[in-house]
Amino acid sequence: MNAELHYRPATAADLDKVVGFPQNVDELFFCYPKAVWPLNVGQLAAAIAERRESTVAELDGRVAGFANFYQWQHGEFCTLGNLMVAPWARSRGVAQYLVEVMETLARQRYKAPLMKVSCFNANAGGLLLYTRLGYRTVGIVERRAPDGSRVALVQLEKPLP
């Protein structure tokens, strides 16, 4: 792992930074489909209140990434959600690092033998990342984009050793 990367639980002080990560409606839809553009602290705080293990990754001491679990069943699985990376930190390994951190938290704190994630078909970067990290497609379901168009939500899973 990159020595410049560290993780810690997200705090209220991080929210104003994290809400600036999605750069447009599509990016927000990819990381938080229920949110309304533009993402604000209230929406993110509401998500954190309903989820578990909200975590930030820091790169060189700056908040560079965010993720959490939106589903969790102790001893069964955790589902990764709200994965987002700051624009300035993209293509620097932050997303991969954060996925690996969340896998570790799932194993250690939830005894989860399986990690699940969903990724929209237009999110090529996400699909390529998850596939590279060993996730396999287990289903595809229809959803609606903010403009009402049909999109495919690709459901992926990875056994956690």
# chains A, B, ... in the order shown; residues from 1 in each chain; ligands from 1
>>> residues_around(residues="Gly75 in chain A", least_positions_apart="4", cutoff="8 Å", atoms="only C-alpha atoms", output="ChimeraX atom specification")
/A:110-113
>>> residues_around(residues="Phe120 in chain A", least_positions_apart="3", cutoff="6 Å", atoms="only C-alpha atoms", output="PyMOL selection string")
chain A and resi 123+152-154
>>> write_last_selection(atoms="N, CA, C and O atoms", output="short mmCIF file (atom, residue, chain, number, x, y, z; two decimals), in the first residue's frame")
data_model
loop_
_atom_site.label_atom_id
_atom_site.label_comp_id
_atom_site.auth_asym_id
_atom_site.auth_seq_id
_atom_site.Cartn_x
_atom_site.Cartn_y
_atom_site.Cartn_z
N ASN A 123 -20.33 3.79 -15.59
CA ASN A 123 -19.17 4.07 -14.74
C ASN A 123 -18.04 3.10 -15.09
O ASN A 123 -17.74 2.16 -14.35
N ALA A 152 -28.26 0.28 -16.53
CA ALA A 152 -28.03 -1.04 -15.95
C ALA A 152 -27.18 -0.89 -14.69
O ALA A 152 -26.13 -0.24 -14.72
N LEU A 153 -27.65 -1.47 -13.60
CA LEU A 153 -26.88 -1.51 -12.36
C LEU A 153 -26.26 -2.90 -12.27
O LEU A 153 -26.96 -3.91 -12.17
N VAL A 154 -24.92 -2.92 -12.38
CA VAL A 154 -24.19 -4.18 -12.37
C VAL A 154 -23.87 -4.53 -10.92
O VAL A 154 -23.26 -3.74 -10.20
#
>>> select_by_dssp(residues="range 7-138 of chain A", states="alpha helix (DSSP H)", output="ChimeraX atom specification")
/A:15-18,25-31,41-50,94-110,124-132
>>> residues_around(residues="Leu59 in chain A", least_positions_apart="6", cutoff="8 Å", atoms="only C-alpha atoms", output="PyMOL selection string")
chain A and resi 4-6+89+94
>>> write_last_selection(atoms="N, CA and C atoms", output="compact mmCIF listing (two decimals), in the first residue's frame")
# COMPACT_ATOMS: atom_id res chain seq x y z
N GLU A 4 1.81 7.05 1.56
CA GLU A 4 1.20 8.37 1.69
C GLU A 4 -0.28 8.28 2.06
N LEU A 5 -0.86 7.09 1.94
CA LEU A 5 -2.29 6.91 2.20
C LEU A 5 -2.54 6.39 3.60
N HIS A 6 -3.55 6.97 4.25
CA HIS A 6 -3.99 6.54 5.58
C HIS A 6 -5.51 6.60 5.60
N ALA A 89 -7.19 13.94 -6.36
CA ALA A 89 -6.53 12.71 -5.93
C ALA A 89 -6.79 11.53 -6.86
N VAL A 94 -6.22 5.95 -4.71
CA VAL A 94 -7.08 6.18 -3.55
C VAL A 94 -8.28 5.23 -3.54
>>> select_by_dssp(residues="range 22-134 of chain A", states="strand (DSSP E or B)", output="VMD selection string")
chain A and resid 52 to 59 62 to 73 77 to 85 114 to 120
>>> write_last_selection(atoms="N, CA, C and O atoms", output="compact mmCIF listing (two decimals), in the first residue's frame")
# COMPACT_ATOMS: atom_id res chain seq x y z
N ARG A 52 -22.94 2.36 7.92
CA ARG A 52 -21.91 1.96 8.88
C ARG A 52 -20.52 2.20 8.29
O ARG A 52 -20.33 2.14 7.09
N GLU A 53 -19.58 2.39 9.22
CA GLU A 53 -18.15 2.47 8.88
C GLU A 53 -17.82 3.57 7.87
O GLU A 53 -16.95 3.37 7.01
N SER A 54 -18.45 4.72 7.98
CA SER A 54 -18.08 5.83 7.08
C SER A 54 -16.61 6.18 7.34
O SER A 54 -16.22 6.49 8.46
N THR A 55 -15.83 6.09 6.28
CA THR A 55 -14.38 6.13 6.37
C THR A 55 -13.82 7.11 5.34
O THR A 55 -14.32 7.19 4.23
N VAL A 56 -12.79 7.85 5.75
CA VAL A 56 -12.08 8.69 4.79
C VAL A 56 -10.67 8.16 4.60
O VAL A 56 -10.07 7.59 5.51
N ALA A 57 -10.18 8.33 3.38
CA ALA A 57 -8.78 8.07 3.07
C ALA A 57 -8.10 9.43 2.96
O ALA A 57 -8.66 10.35 2.36
N GLU A 58 -6.94 9.53 3.55
CA GLU A 58 -6.14 10.75 3.45
C GLU A 58 -4.90 10.46 2.61
O GLU A 58 -4.25 9.43 2.78
N LEU A 59 -4.61 11.37 1.71
CA LEU A 59 -3.42 11.32 0.89
C LEU A 59 -2.60 12.56 1.21
O LEU A 59 -3.10 13.69 1.07
N ARG A 62 -4.40 15.10 3.38
CA ARG A 62 -5.64 15.73 2.90
C ARG A 62 -6.70 14.67 2.66
O ARG A 62 -6.39 13.57 2.18
N VAL A 63 -7.95 14.99 2.97
CA VAL A 63 -9.04 14.06 2.73
C VAL A 63 -9.18 13.85 1.22
O VAL A 63 -9.41 14.79 0.47
N ALA A 64 -8.99 12.59 0.79
CA ALA A 64 -8.93 12.28 -0.63
C ALA A 64 -10.00 11.30 -1.08
O ALA A 64 -10.25 11.17 -2.28
N GLY A 65 -10.62 10.58 -0.14
CA GLY A 65 -11.62 9.58 -0.52
C GLY A 65 -12.58 9.32 0.62
O GLY A 65 -12.29 9.65 1.78
N PHE A 66 -13.72 8.72 0.28
CA PHE A 66 -14.77 8.45 1.26
C PHE A 66 -15.52 7.19 0.83
O PHE A 66 -15.70 6.96 -0.37
N ALA A 67 -15.92 6.38 1.80
CA ALA A 67 -16.75 5.20 1.52
C ALA A 67 -17.42 4.74 2.80
O ALA A 67 -17.04 5.15 3.90
N ASN A 68 -18.43 3.86 2.64
CA ASN A 68 -19.10 3.27 3.80
C ASN A 68 -19.78 1.98 3.37
O ASN A 68 -19.65 1.54 2.22
N PHE A 69 -20.53 1.38 4.30
CA PHE A 69 -21.35 0.22 3.99
C PHE A 69 -22.81 0.66 4.06
O PHE A 69 -23.23 1.25 5.05
N TYR A 70 -23.59 0.34 3.01
CA TYR A 70 -25.02 0.64 3.08
C TYR A 70 -25.85 -0.58 3.41
O TYR A 70 -27.03 -0.45 3.74
N GLN A 71 -25.24 -1.75 3.38
CA GLN A 71 -25.86 -2.96 3.90
C GLN A 71 -24.79 -3.75 4.63
O GLN A 71 -23.62 -3.73 4.23
N TRP A 72 -25.19 -4.46 5.68
CA TRP A 72 -24.27 -5.28 6.45
C TRP A 72 -25.08 -6.34 7.18
O TRP A 72 -26.13 -6.07 7.74
N GLN A 73 -24.59 -7.55 7.10
CA GLN A 73 -25.17 -8.67 7.82
C GLN A 73 -24.01 -9.40 8.47
O GLN A 73 -23.22 -10.05 7.77
N PHE A 77 -22.24 -10.72 4.89
CA PHE A 77 -21.71 -9.84 3.84
C PHE A 77 -21.76 -8.39 4.30
O PHE A 77 -22.47 -8.03 5.24
N CYS A 78 -21.02 -7.55 3.59
CA CYS A 78 -21.14 -6.09 3.66
C CYS A 78 -21.24 -5.59 2.22
O CYS A 78 -20.69 -6.21 1.30
N THR A 79 -21.97 -4.49 2.04
CA THR A 79 -22.12 -3.89 0.71
C THR A 79 -21.51 -2.49 0.73
O THR A 79 -21.93 -1.63 1.51
N LEU A 80 -20.53 -2.29 -0.13
CA LEU A 80 -19.82 -1.02 -0.24
C LEU A 80 -20.71 0.05 -0.84
O LEU A 80 -21.42 -0.20 -1.81
N GLY A 81 -20.65 1.25 -0.28
CA GLY A 81 -21.43 2.36 -0.82
C GLY A 81 -20.69 3.68 -0.72
O GLY A 81 -19.69 3.81 -0.02
N ASN A 82 -21.23 4.67 -1.43
CA ASN A 82 -20.75 6.05 -1.41
C ASN A 82 -19.25 6.18 -1.69
O ASN A 82 -18.63 7.14 -1.23
N LEU A 83 -18.66 5.27 -2.46
CA LEU A 83 -17.24 5.40 -2.77
C LEU A 83 -17.03 6.61 -3.68
O LEU A 83 -17.62 6.69 -4.76
N MET A 84 -16.22 7.55 -3.21
CA MET A 84 -15.92 8.74 -4.01
C MET A 84 -14.52 9.22 -3.70
O MET A 84 -14.03 9.05 -2.59
N VAL A 85 -13.89 9.82 -4.72
CA VAL A 85 -12.51 10.29 -4.60
C VAL A 85 -12.47 11.75 -5.03
O VAL A 85 -13.10 12.14 -6.01
N LEU A 114 -17.97 -12.15 2.46
CA LEU A 114 -18.34 -11.67 1.13
C LEU A 114 -18.52 -10.16 1.13
O LEU A 114 -19.13 -9.60 2.04
N MET A 115 -17.96 -9.50 0.10
CA MET A 115 -18.20 -8.07 -0.11
C MET A 115 -19.02 -7.93 -1.38
O MET A 115 -18.71 -8.57 -2.39
N LYS A 116 -20.04 -7.08 -1.31
CA LYS A 116 -20.87 -6.79 -2.47
C LYS A 116 -20.69 -5.33 -2.85
O LYS A 116 -20.42 -4.48 -2.01
N VAL A 117 -20.88 -5.06 -4.14
CA VAL A 117 -20.85 -3.69 -4.63
C VAL A 117 -21.72 -3.63 -5.89
O VAL A 117 -21.86 -4.62 -6.60
N SER A 118 -22.33 -2.47 -6.11
CA SER A 118 -23.09 -2.24 -7.34
C SER A 118 -22.48 -1.06 -8.06
O SER A 118 -22.02 -0.11 -7.43
N CYS A 119 -22.50 -1.13 -9.40
CA CYS A 119 -21.84 -0.11 -10.21
C CYS A 119 -22.65 0.10 -11.49
O CYS A 119 -23.00 -0.88 -12.16
N PHE A 120 -22.97 1.33 -11.81
CA PHE A 120 -23.75 1.61 -13.02
C PHE A 120 -22.93 1.36 -14.27
O PHE A 120 -21.71 1.57 -14.30
>>> closest_residue(among="A:Leu160, A:Val101, A:Val36, A:Cys31", to="Gly134 in chain A", atoms="only C-alpha atoms")
A:Leu160
>>> residues_around(residues="Gly20 in chain A", least_positions_apart="3", cutoff="9 Å", atoms="only C-alpha atoms", output="ChimeraX atom specification")
/A:15-17,23,38-40,86-87
>>> closest_residue(among="A:Ala47, A:Val18, A:Leu28, A:Leu128", to="Ala145 in chain A", atoms="only C-alpha atoms")
A:Leu28
>>> closest_residue(among="A:Glu142, A:Arg107, A:Ala12, A:Ile48", to="Glu76 in chain A", atoms="only C-alpha atoms")
A:Arg107
>>> atom_distance(atom1="CA of Tyr135 in chain A", atom2="CA of Glu157 in chain A")
5.2 Å
>>> closest_residue(among="A:Pro161, A:Glu103, A:Arg92, A:Trp37", to="Asp60 in chain A", atoms="only C-alpha atoms")
A:Arg92
>>> closest_residue(among="A:Val25, A:Leu156, A:Val41, A:Ala13", to="Gly139 in chain A", atoms="only C-alpha atoms")
A:Leu156
